[in-house]
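Content type CSV, C-alpha atoms, from the file target-v6.csv:
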chain,number,residue,atom,x,y,z
A,1,MET,CA,29.7,-56.5,-90.3
A,2,ILE,CA,28.7,-55.7,-86.7
A,3,ARG,CA,32.4,-54.9,-85.9
A,4,ARG,CA,32.3,-52.1,-88.4
A,5,ILE,CA,29.7,-50.3,-86.3
A,6,PRO,CA,31.3,-47.8,-83.9
A,7,PRO,CA,31.4,-48.9,-80.2
A,8,ALA,CA,29.1,-46.0,-79.2
A,9,ALA,CA,26.5,-46.9,-81.8
A,10,ARG,CA,26.6,-50.6,-80.8
A,11,ARG,CA,26.1,-49.6,-77.2
A,12,TRP,CA,23.1,-47.4,-77.8
A,13,LEU,CA,21.7,-49.9,-80.3
A,14,GLY,CA,21.9,-52.6,-77.6
A,15,GLN,CA,19.9,-50.3,-75.3
A,16,TRP,CA,17.2,-49.3,-77.8
A,17,PHE,CA,16.6,-52.6,-79.5
A,18,PRO,CA,15.2,-54.5,-76.4
A,19,LEU,CA,12.9,-51.6,-75.7
A,20,ILE,CA,11.6,-51.4,-79.2
A,21,VAL,CA,11.0,-55.2,-79.4
A,22,PHE,CA,9.4,-55.4,-76.0
A,23,TYR,CA,7.1,-52.5,-76.6
A,24,LEU,CA,5.9,-53.6,-80.0
A,25,SER,CA,5.4,-57.2,-78.8
A,26,MET,CA,3.4,-56.1,-75.7
A,27,ASP,CA,1.6,-53.1,-77.1
A,28,PHE,CA,-0.3,-55.0,-79.7
A,29,MET,CA,-1.4,-57.7,-77.2
A,30,THR,CA,-5.1,-57.2,-76.3
A,31,LEU,CA,-6.0,-58.3,-72.8
A,32,ALA,CA,-9.5,-58.5,-71.5
A,33,TRP,CA,-8.8,-56.5,-68.4
A,34,LEU,CA,-6.8,-53.7,-70.1
A,35,HIS,CA,-7.5,-51.2,-72.8
A,36,PRO,CA,-5.5,-51.8,-76.0
A,37,HIS,CA,-2.2,-49.9,-75.9
A,38,GLU,CA,-2.4,-49.5,-72.1
A,39,ILE,CA,0.5,-51.9,-71.5
A,40,GLY,CA,2.6,-50.0,-74.0
A,41,ARG,CA,2.0,-46.7,-72.2
A,42,TRP,CA,3.2,-48.2,-69.0
A,43,ILE,CA,6.3,-49.6,-70.6
A,44,LEU,CA,7.2,-46.3,-72.2
A,45,GLY,CA,6.5,-44.4,-68.9
A,46,VAL,CA,8.7,-46.8,-66.9
A,47,ALA,CA,11.4,-46.6,-69.5
A,48,ALA,CA,11.4,-42.8,-69.4
A,49,VAL,CA,11.6,-42.7,-65.6
A,50,PHE,CA,14.3,-45.4,-65.6
A,51,TRP,CA,16.5,-43.6,-68.1
A,52,GLY,CA,16.2,-40.3,-66.2
A,53,VAL,CA,17.3,-42.0,-63.0
A,54,ARG,CA,20.0,-44.0,-64.7
A,55,ARG,CA,21.9,-40.9,-65.9
A,56,VAL,CA,22.6,-39.9,-62.3
A,57,ALA,CA,22.6,-43.3,-60.5
A,58,ALA,CA,25.1,-44.9,-63.0
A,59,PHE,CA,27.6,-42.0,-63.1
A,60,HIS,CA,27.4,-40.0,-59.9
A,61,PRO,CA,30.1,-41.1,-57.3
A,62,TRP,CA,27.5,-40.8,-54.5
A,63,TYR,CA,25.8,-44.1,-55.7
A,64,ASN,CA,29.1,-46.1,-56.2
A,65,GLY,CA,31.3,-46.5,-53.1
A,66,ASP,CA,34.2,-48.0,-55.0
A,67,TYR,CA,34.1,-45.3,-57.7
A,68,ARG,CA,34.0,-42.7,-55.0
A,69,GLN,CA,37.0,-44.1,-53.1
A,70,TRP,CA,39.0,-44.4,-56.3
A,71,LEU,CA,38.1,-40.8,-57.3
A,72,ARG,CA,39.4,-39.6,-54.0
A,73,LEU,CA,42.9,-40.9,-54.9
A,74,THR,CA,43.0,-39.1,-58.2
A,75,PRO,CA,43.7,-35.4,-58.9
A,76,TRP,CA,40.1,-34.9,-60.1
A,77,THR,CA,38.4,-31.6,-59.5
A,78,SER,CA,34.9,-30.4,-60.3
A,79,ARG,CA,36.2,-28.5,-63.2
A,80,LYS,CA,37.1,-31.7,-65.0
A,81,PRO,CA,34.5,-34.2,-66.4
A,82,LEU,CA,33.8,-37.3,-64.4
A,83,PRO,CA,35.8,-40.2,-65.7
A,84,MET,CA,32.9,-42.6,-66.0
A,85,GLY,CA,30.6,-40.1,-67.7
A,86,PRO,CA,28.5,-37.0,-67.0
A,87,VAL,CA,25.6,-36.9,-64.6
A,88,VAL,CA,23.7,-34.4,-66.7
A,89,PRO,CA,21.7,-35.5,-69.8
A,90,THR,CA,23.6,-36.0,-73.0
A,91,TRP,CA,22.8,-36.4,-76.6
A,92,GLY,CA,22.5,-40.1,-76.1
A,93,ASP,CA,19.7,-39.6,-73.6
A,94,GLY,CA,18.0,-37.3,-76.1
A,95,LEU,CA,18.1,-40.1,-78.7
A,96,TYR,CA,16.8,-42.6,-76.3
A,97,LEU,CA,14.0,-40.2,-75.3
A,98,ALA,CA,13.3,-39.6,-79.0
A,99,THR,CA,12.9,-43.4,-79.5
A,100,ILE,CA,10.3,-43.4,-76.7
A,101,LEU,CA,8.4,-40.6,-78.3
A,102,LEU,CA,8.6,-42.3,-81.7
A,103,LEU,CA,7.1,-45.5,-80.2
A,104,SER,CA,4.4,-43.5,-78.5
A,105,THR,CA,3.0,-42.4,-81.9
A,106,THR,CA,1.7,-46.0,-82.4
A,107,ALA,CA,-0.9,-45.3,-79.7
A,108,PRO,CA,-4.1,-43.4,-80.4
A,109,GLU,CA,-3.0,-40.6,-78.0
A,110,PRO,CA,0.8,-40.2,-78.1
A,111,MET,CA,1.1,-38.1,-74.9
A,112,SER,CA,4.7,-37.3,-75.9
A,113,MET,CA,5.0,-34.4,-73.4
A,114,ARG,CA,4.1,-36.6,-70.5
A,115,TYR,CA,7.0,-39.0,-71.3
A,116,VAL,CA,9.4,-36.0,-71.4
A,117,ALA,CA,8.0,-34.9,-68.0
A,118,LEU,CA,8.6,-38.4,-66.6
A,119,PHE,CA,12.1,-38.4,-67.8
A,120,VAL,CA,12.8,-35.0,-66.2
A,121,LEU,CA,11.1,-36.0,-62.9
A,122,GLY,CA,13.0,-39.2,-62.7
A,123,HIS,CA,16.3,-37.4,-63.3
A,124,VAL,CA,15.6,-34.8,-60.7
A,125,ALA,CA,14.5,-37.4,-58.2
A,126,ALA,CA,17.8,-39.2,-58.6
A,127,ILE,CA,19.7,-35.9,-58.0
A,128,VAL,CA,17.9,-35.2,-54.6
A,129,PRO,CA,19.9,-37.7,-52.5
A,130,THR,CA,23.2,-36.4,-53.8
A,131,ILE,CA,22.5,-32.9,-52.5
A,132,ARG,CA,24.5,-32.4,-49.3
A,133,LYS,CA,23.2,-31.5,-45.9
A,134,GLU,CA,24.7,-28.0,-46.2
A,135,ASP,CA,22.4,-27.3,-49.1
A,136,ALA,CA,19.3,-28.4,-47.2
A,137,PRO,CA,17.2,-25.4,-48.5
A,138,ILE,CA,17.9,-26.4,-52.1
A,139,ARG,CA,17.0,-30.0,-51.3
A,140,ALA,CA,13.7,-29.0,-49.6
A,141,VAL,CA,12.7,-26.8,-52.5
A,142,THR,CA,13.5,-29.5,-55.0
A,143,ILE,CA,11.4,-32.1,-53.1
A,144,ALA,CA,8.5,-29.7,-52.8
A,145,GLY,CA,8.7,-28.8,-56.5
A,146,LEU,CA,8.7,-32.4,-57.5
A,147,GLY,CA,5.5,-32.8,-55.5
A,148,LEU,CA,4.0,-29.9,-57.3
A,149,ALA,CA,4.9,-31.4,-60.7
A,150,VAL,CA,3.4,-34.8,-59.7
A,151,ARG,CA,0.2,-32.9,-58.5
A,152,HIS,CA,-0.2,-31.6,-62.1
A,153,PHE,CA,0.8,-34.8,-63.8
A,154,TYR,CA,-2.4,-35.0,-65.8
A,155,ASN,CA,-1.7,-31.5,-67.1
A,156,PRO,CA,1.5,-32.2,-69.1
A,157,PRO,CA,2.4,-28.6,-70.1
A,158,VAL,CA,2.3,-27.5,-66.4
A,159,CYS,CA,4.0,-30.6,-65.2
A,160,LEU,CA,6.8,-30.2,-67.7
A,161,ALA,CA,7.2,-26.5,-66.9
A,162,VAL,CA,7.4,-27.1,-63.2
A,163,GLY,CA,9.8,-30.0,-63.7
A,164,ALA,CA,12.1,-27.9,-65.8
A,165,ALA,CA,12.1,-25.1,-63.2
A,166,VAL,CA,12.8,-27.7,-60.4
A,167,TYR,CA,15.6,-29.1,-62.5
A,168,LEU,CA,17.4,-25.7,-62.6
A,169,ILE,CA,17.2,-25.6,-58.8
A,170,ALA,CA,18.4,-29.2,-58.4
A,171,TYR,CA,21.2,-28.6,-60.8
A,172,GLN,CA,22.6,-25.9,-58.4
A,173,GLY,CA,22.6,-28.5,-55.6
A,174,LEU,CA,24.2,-31.0,-57.9
A,175,ARG,CA,27.0,-28.6,-58.9
A,176,ARG,CA,27.7,-27.6,-55.4
A,177,SER,CA,27.8,-31.2,-54.2
A,178,LEU,CA,30.4,-32.0,-56.8
A,179,ASN,CA,32.4,-29.0,-55.9
A,180,ARG,CA,32.4,-29.9,-52.2
A,181,PHE,CA,33.0,-33.5,-53.0
A,182,ALA,CA,36.3,-32.6,-54.6
A,183,GLU,CA,37.3,-30.2,-51.8
A,184,THR,CA,36.4,-32.2,-48.7
A,185,ALA,CA,38.8,-34.9,-47.4
A,186,GLU,CA,36.1,-37.1,-46.1
A,187,PRO,CA,33.3,-37.7,-48.6
A,188,TYR,CA,29.7,-38.3,-47.6
A,189,ARG,CA,28.6,-41.9,-47.3
A,190,LEU,CA,25.5,-43.9,-48.0
A,191,SER,CA,23.6,-44.7,-44.8
A,192,SER,CA,23.8,-48.4,-45.6
A,193,GLU,CA,27.6,-48.3,-45.4
A,194,ASN,CA,27.3,-46.9,-41.9
A,195,LEU,CA,25.0,-49.8,-40.9
A,196,THR,CA,26.8,-52.7,-42.5
A,197,GLY,CA,30.4,-51.6,-43.3
A,198,ASP,CA,31.5,-49.6,-40.3
A,199,PRO,CA,34.4,-51.4,-38.6
A,200,LEU,CA,33.6,-49.7,-35.2
A,201,VAL,CA,30.1,-51.0,-35.2
A,202,ASP,CA,31.2,-54.5,-36.2
A,203,GLN,CA,33.9,-54.5,-33.5
A,204,LEU,CA,31.4,-53.3,-30.8
A,205,ASN,CA,28.9,-55.9,-31.8
A,206,ALA,CA,31.5,-58.6,-31.5
A,207,VAL,CA,32.1,-57.7,-27.9
A,208,GLY,CA,29.0,-59.5,-26.9
A,209,TRP,CA,25.8,-58.9,-25.0
A,210,PRO,CA,25.2,-56.6,-23.1
A,211,TYR,CA,28.3,-54.5,-23.6
A,212,GLY,CA,28.2,-54.4,-27.4
A,213,PRO,CA,24.7,-52.9,-27.7
A,214,MET,CA,25.4,-50.4,-24.9
A,215,LEU,CA,28.6,-49.2,-26.6
A,216,VAL,CA,26.9,-48.9,-30.0
A,217,ASP,CA,24.0,-46.9,-28.5
A,218,THR,CA,26.5,-44.3,-27.1
A,219,GLN,CA,27.8,-43.3,-30.5
A,220,ASP,CA,27.1,-39.7,-31.6
A,221,THR,CA,24.7,-40.1,-34.6
A,222,ARG,CA,24.2,-36.4,-35.1
A,223,PRO,CA,20.4,-36.3,-34.9
A,224,TRP,CA,18.3,-34.0,-37.0
A,225,SER,CA,17.4,-30.6,-35.6
A,226,ARG,CA,13.8,-29.7,-34.8
A,227,VAL,CA,13.6,-27.4,-37.8
A,228,ASP,CA,14.8,-30.1,-40.2
A,229,THR,CA,12.3,-32.6,-38.7
A,230,ALA,CA,9.5,-30.1,-39.1
A,231,ILE,CA,10.4,-29.4,-42.7
A,232,LEU,CA,10.6,-33.2,-43.4
A,233,CYS,CA,7.1,-33.7,-42.0
A,234,LEU,CA,5.7,-30.8,-44.0
A,235,LEU,CA,7.2,-32.3,-47.2
A,236,ILE,CA,5.7,-35.7,-46.4
A,237,ALA,CA,2.3,-34.2,-45.8
A,238,TRP,CA,2.6,-32.2,-49.1
A,239,TRP,CA,3.6,-35.3,-51.0
A,240,ILE,CA,0.7,-37.3,-49.6
A,241,ASP,CA,-1.7,-34.6,-50.7
A,242,SER,CA,-0.1,-34.4,-54.1
A,243,LEU,CA,-0.3,-38.1,-54.6
A,244,GLY,CA,-4.0,-38.0,-53.6
A,245,ALA,CA,-4.6,-35.3,-56.2
A,246,LEU,CA,-3.7,-37.9,-58.9
A,247,PHE,CA,-7.0,-39.7,-58.2
A,248,VAL,CA,-9.7,-38.0,-60.3
A,249,ASP,CA,-12.6,-39.8,-58.4
A,250,PRO,CA,-13.2,-38.1,-55.1
A,251,GLN,CA,-14.1,-41.4,-53.4
A,252,LYS,CA,-10.9,-43.1,-54.5
A,253,ARG,CA,-8.9,-40.0,-53.4
A,254,LEU,CA,-10.4,-40.1,-49.9
A,255,ALA,CA,-10.0,-43.9,-49.7
A,256,PHE,CA,-6.3,-43.5,-50.6
A,257,LEU,CA,-5.7,-40.8,-48.1
A,258,GLY,CA,-7.6,-42.7,-45.4
A,259,PHE,CA,-5.4,-45.7,-46.1
A,260,ILE,CA,-2.2,-43.7,-45.8
A,261,ALA,CA,-3.5,-42.0,-42.6
A,262,ALA,CA,-4.2,-45.5,-41.1
A,263,ILE,CA,-0.7,-46.6,-41.9
A,264,PHE,CA,0.8,-43.5,-40.2
A,265,GLU,CA,-1.2,-44.3,-37.1
A,266,LEU,CA,1.0,-47.4,-36.7
A,267,PHE,CA,4.1,-45.2,-36.4
A,268,PRO,CA,3.6,-44.6,-32.6
A,269,LEU,CA,3.4,-48.4,-32.0
A,270,MET,CA,6.6,-48.8,-34.1
A,271,ARG,CA,8.4,-46.3,-32.0
A,272,LEU,CA,7.3,-48.0,-28.8
A,273,GLY,CA,8.5,-51.4,-30.2
A,274,GLY,CA,11.9,-49.9,-31.0
A,275,TYR,CA,12.2,-48.4,-27.4
A,276,VAL,CA,11.2,-51.6,-25.5
A,277,GLN,CA,13.4,-53.9,-27.6
A,278,GLY,CA,15.9,-55.3,-25.1
A,279,CYS,CA,14.6,-53.0,-22.3
A,280,ALA,CA,12.2,-54.8,-19.9
A,281,PRO,CA,10.4,-53.0,-17.1
A,282,PRO,CA,12.3,-53.0,-13.7
A,283,ILE,CA,9.4,-54.9,-12.1
A,284,SER,CA,6.6,-57.0,-13.5
A,285,PHE,CA,2.9,-56.0,-13.7
A,286,TRP,CA,2.0,-58.0,-10.6
A,287,GLY,CA,5.0,-56.4,-8.9
A,288,ARG,CA,3.6,-53.0,-9.6
A,289,VAL,CA,0.2,-54.0,-8.2
A,290,ARG,CA,1.8,-55.6,-5.1
A,291,THR,CA,4.0,-52.6,-4.3
A,292,MET,CA,1.3,-50.1,-5.3
A,293,ARG,CA,3.7,-48.5,-7.8
A,294,LEU,CA,1.4,-48.6,-10.8
A,295,ILE,CA,3.4,-45.9,-12.6
A,296,LEU,CA,7.1,-46.0,-12.9
A,297,PRO,CA,8.2,-42.6,-14.2
A,298,GLY,CA,11.7,-43.7,-15.1
A,299,TYR,CA,10.3,-46.4,-17.4
A,300,ASP,CA,6.8,-45.4,-18.3
A,301,ARG,CA,8.0,-42.1,-19.9
A,302,ILE,CA,8.5,-44.0,-23.1
A,303,LEU,CA,4.7,-44.3,-23.4
A,304,VAL,CA,4.3,-40.5,-23.6
A,305,GLY,CA,5.5,-40.3,-27.2
A,306,PRO,CA,3.3,-43.1,-28.6
A,307,ILE,CA,0.2,-41.9,-26.7
A,308,CYS,CA,0.7,-38.4,-28.0
A,309,GLY,CA,1.3,-39.7,-31.5
A,310,LEU,CA,-1.9,-41.7,-31.5
A,311,LEU,CA,-3.8,-38.6,-30.4
A,312,ALA,CA,-2.1,-36.2,-32.8
A,313,GLY,CA,-3.9,-37.5,-35.9
A,314,PRO,CA,-7.5,-37.4,-34.6
A,315,MET,CA,-6.9,-34.0,-32.9
A,316,THR,CA,-5.4,-32.5,-36.0
A,317,VAL,CA,-8.4,-33.7,-38.1
A,318,ALA,CA,-10.8,-32.3,-35.5
A,319,LEU,CA,-9.1,-28.9,-35.4
A,320,LEU,CA,-9.0,-28.6,-39.2
A,321,THR,CA,-12.6,-29.7,-39.4
A,322,ALA,CA,-13.5,-26.9,-37.1
A,323,ILE,CA,-11.9,-24.3,-39.3
A,324,GLY,CA,-13.5,-25.8,-42.5
A,325,ALA,CA,-10.5,-27.3,-44.2
A,326,PRO,CA,-11.1,-29.8,-47.0
A,327,MET,CA,-10.9,-33.5,-46.1
A,328,GLU,CA,-7.8,-34.0,-48.2
A,329,VAL,CA,-5.9,-31.3,-46.3
A,330,ARG,CA,-7.1,-32.8,-43.0
A,331,LEU,CA,-5.8,-36.3,-43.7
A,332,SER,CA,-2.5,-35.3,-45.2
A,333,THR,CA,-1.8,-32.8,-42.4
A,334,ALA,CA,-2.7,-35.4,-39.8
A,335,CYS,CA,-0.1,-37.8,-41.3
A,336,GLY,CA,2.6,-35.1,-41.0
A,337,MET,CA,1.6,-34.2,-37.5
A,338,VAL,CA,1.7,-37.8,-36.3
A,339,LEU,CA,5.2,-38.2,-37.7
A,340,LEU,CA,6.3,-34.9,-36.2
A,341,VAL,CA,5.1,-35.9,-32.7
A,342,VAL,CA,6.6,-39.4,-32.9
A,343,ILE,CA,10.0,-38.1,-33.8
A,344,LEU,CA,10.3,-35.1,-31.5
A,345,THR,CA,8.6,-36.3,-28.4
A,346,PRO,CA,11.2,-36.9,-25.7
A,347,PRO,CA,13.1,-38.9,-24.7
A,348,SER,CA,15.2,-39.6,-27.7
A,349,LEU,CA,16.3,-43.2,-28.3
A,350,ARG,CA,19.9,-42.5,-27.4
A,351,ARG,CA,19.0,-40.7,-24.2
A,352,TRP,CA,16.6,-43.6,-23.3
A,353,ARG,CA,19.2,-46.2,-23.8
A,354,LEU,CA,21.7,-44.4,-21.7
A,355,THR,CA,19.5,-43.0,-18.8
A,356,GLY,CA,16.3,-45.1,-18.9
A,357,ALA,CA,15.2,-47.0,-15.7
A,358,TYR,CA,14.9,-50.4,-17.4
A,359,ARG,CA,16.2,-53.9,-17.0
A,360,MET,CA,18.3,-55.2,-19.9
A,361,ASP,CA,16.6,-58.3,-21.5
A,362,PRO,CA,18.3,-60.4,-24.2
A,363,GLY,CA,14.9,-61.5,-25.5
A,364,SER,CA,13.3,-64.8,-26.3
A,365,PRO,CA,15.4,-68.0,-26.6
A,366,VAL,CA,15.1,-67.8,-30.4
A,367,ARG,CA,16.6,-64.4,-30.4
A,368,GLN,CA,19.2,-65.3,-27.9
A,369,ALA,CA,20.5,-68.1,-30.2
A,370,GLY,CA,21.9,-65.5,-32.6
A,371,LYS,CA,23.6,-63.3,-30.0
A,372,ARG,CA,27.1,-63.5,-28.5
A,373,PHE,CA,27.2,-63.2,-24.7
A,374,ILE,CA,29.9,-62.3,-22.2
A,375,GLN,CA,31.1,-65.5,-20.4
A,376,ALA,CA,32.4,-65.2,-16.9
A,377,GLY,CA,34.8,-67.6,-15.3
Let me see whether you can do it: turn the structure in this file into structure tokens.
Amino acid sequence: MIRRIPPAARRWLGQWFPLIVFYLSMDFMTLAWLHPHEIGRWILGVAAVFWGVRRVAAFHPWYNGDYRQWLRLTPWTSRKPLPMGPVVPTWGDGLYLATILLLSTTAPEPMSMRYVALFVLGHVAAIVPTIRKEDAPIRAVTIAGLGLAVRHFYNPPVCLAVGAAVYLIAYQGLRRSLNRFAETAEPYRLSSENLTGDPLVDQLNAVGWPYGPMLVDTQDTRPWSRVDTAILCLLIAWWIDSLGALFVDPQKRLAFLGFIAAIFELFPLMRLGGYVQGCAPPISFWGRVRTMRLILPGYDRILVGPICGLLAGPMTVALLTAIGAPMEVRLSTACGMVLLVVILTPPSLRRWRLTGAYRMDPGSPVRQAGKRFIQAG
């Protein structure tokens, strides 16, 4: 009897049935620490976001390296449909979303429009990484629009309207990325592939310490421009403020923003840790005291960035306080300013590795055990 059902229907039935069973079994469970139907709302919300992300993540070649490499060997163009399936919503996605909306009617407040907004936001969020660097303005506007939609999440009509407008912008970036994907000879790659699957990096690391790390550090990694970095920090500050707006209670909102600001104050220390890793001072502390060279400009210049980063947050808060800005704006802007100073303050990591006045240090004996060294003689 099951074999008589069309394959497409069996596939969609297999995707809907677990959601329906899981929702109905959990929704009617009453827990002491949760309001009835609260679990069901979370299940439907997560399912809506997941299905919106899945449409892009499962069918776009950017997310699948093998699929991308195979597609390069075929005469495929952007005018033809993708072999594995479209990356835009289809009627099957509409049926799945209709199932979610139907299940939401079992709750006292269905909130159907909110689930549709979650589906759209998840779908747009999955499109953002696929937008190429050449279309950075489209990507920046899309990310900012997503933050605006999240900011109005508790106002479903506004959230859905903003999400639909942002989707139209993101769709242009998606279409342009597919066009250029078909035209370019060398496709774009995931950053994880460059870190783990690059034969050049693996070969250089196999040379041994200290030559392997030195050769890897000299590669041209195409760093971001100052304008791109400033836009990134602005978007991060905007998103922090938008997430804080989700807290209705002002005390909880300030606690959340304060916690995020405290985390960002650790970024200067993280930068310092990355710079000093394997780079010891040319002389010890007591050597500085004995030679009366308390400051070594060639080495101590790496302290300028972390110190400026630690001061950027409090100084930004003080400046915005003087002009009467709200506390939410002060904290979110301070987070972006800390990140901006940490990234842009010279020297860059590549310049430091190549021109810094430091002494190469393989590290502790535990770390040395996992390294390969050059053997002489």
Spatial sel., origin (8.1, -42.3, -20.1), limit 12 Å, all atoms listed in the file, listed as an NGL selection string: :A and (272 or 275-276 or 281 or 295-308 or 345-349 or 351-352 or 355-358)
CA of Met113 (chain A) to CA of Ala237 (chain A), distance in Å rounded to a single decimal: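 CA of Ala237 (chain A) lies 27.7 Å from CA of Met113 (chain A).
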Rounded to one decimal in Å, what is the spacing between CA of Leu257 (chain A) and CA of Gly313 (chain A)?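 Value for the CA of Leu257 (chain A)-CA of Gly313 (chain A) distance: 12.8 Å.
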Near Leu101 (chain A), counting all atoms listed in the file, which residues have an atom at most 9 Å away, once you skip same-chain residues fewer than 4 positions from it, shown as a list in words?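 Residues meeting the cut-off are Leu44, Tyr96, Leu97, Thr105, Pro110, Met111, Ser112, Met113, Tyr115 and Val116 of chain A.
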Would you export the selected residues with C-alpha atoms as a tab-separated table (two decimals), keeping the file's coordinate frame, please?
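The file below, out-v9.tsv, is the result:
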chain	number	residue	atom	x	y	z
A	44	LEU	CA	7.20	-46.30	-72.20
A	96	TYR	CA	16.80	-42.60	-76.30
A	97	LEU	CA	14.00	-40.20	-75.30
A	105	THR	CA	3.00	-42.40	-81.90
A	110	PRO	CA	0.80	-40.20	-78.10
A	111	MET	CA	1.10	-38.10	-74.90
A	112	SER	CA	4.70	-37.30	-75.90
A	113	MET	CA	5.00	-34.40	-73.40
A	115	TYR	CA	7.00	-39.00	-71.30
A	116	VAL	CA	9.40	-36.00	-71.40
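CA of Leu235 (chain A) is positioned 10.9 Å from CA of Cys335 (chain A).
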Ranking A:Ala57, A:Ala262, A:Ile169, A:Val158 by minimum distance to Ile138 (chain A) and counting all atoms listed in the file, which one comes first? A:Ile169
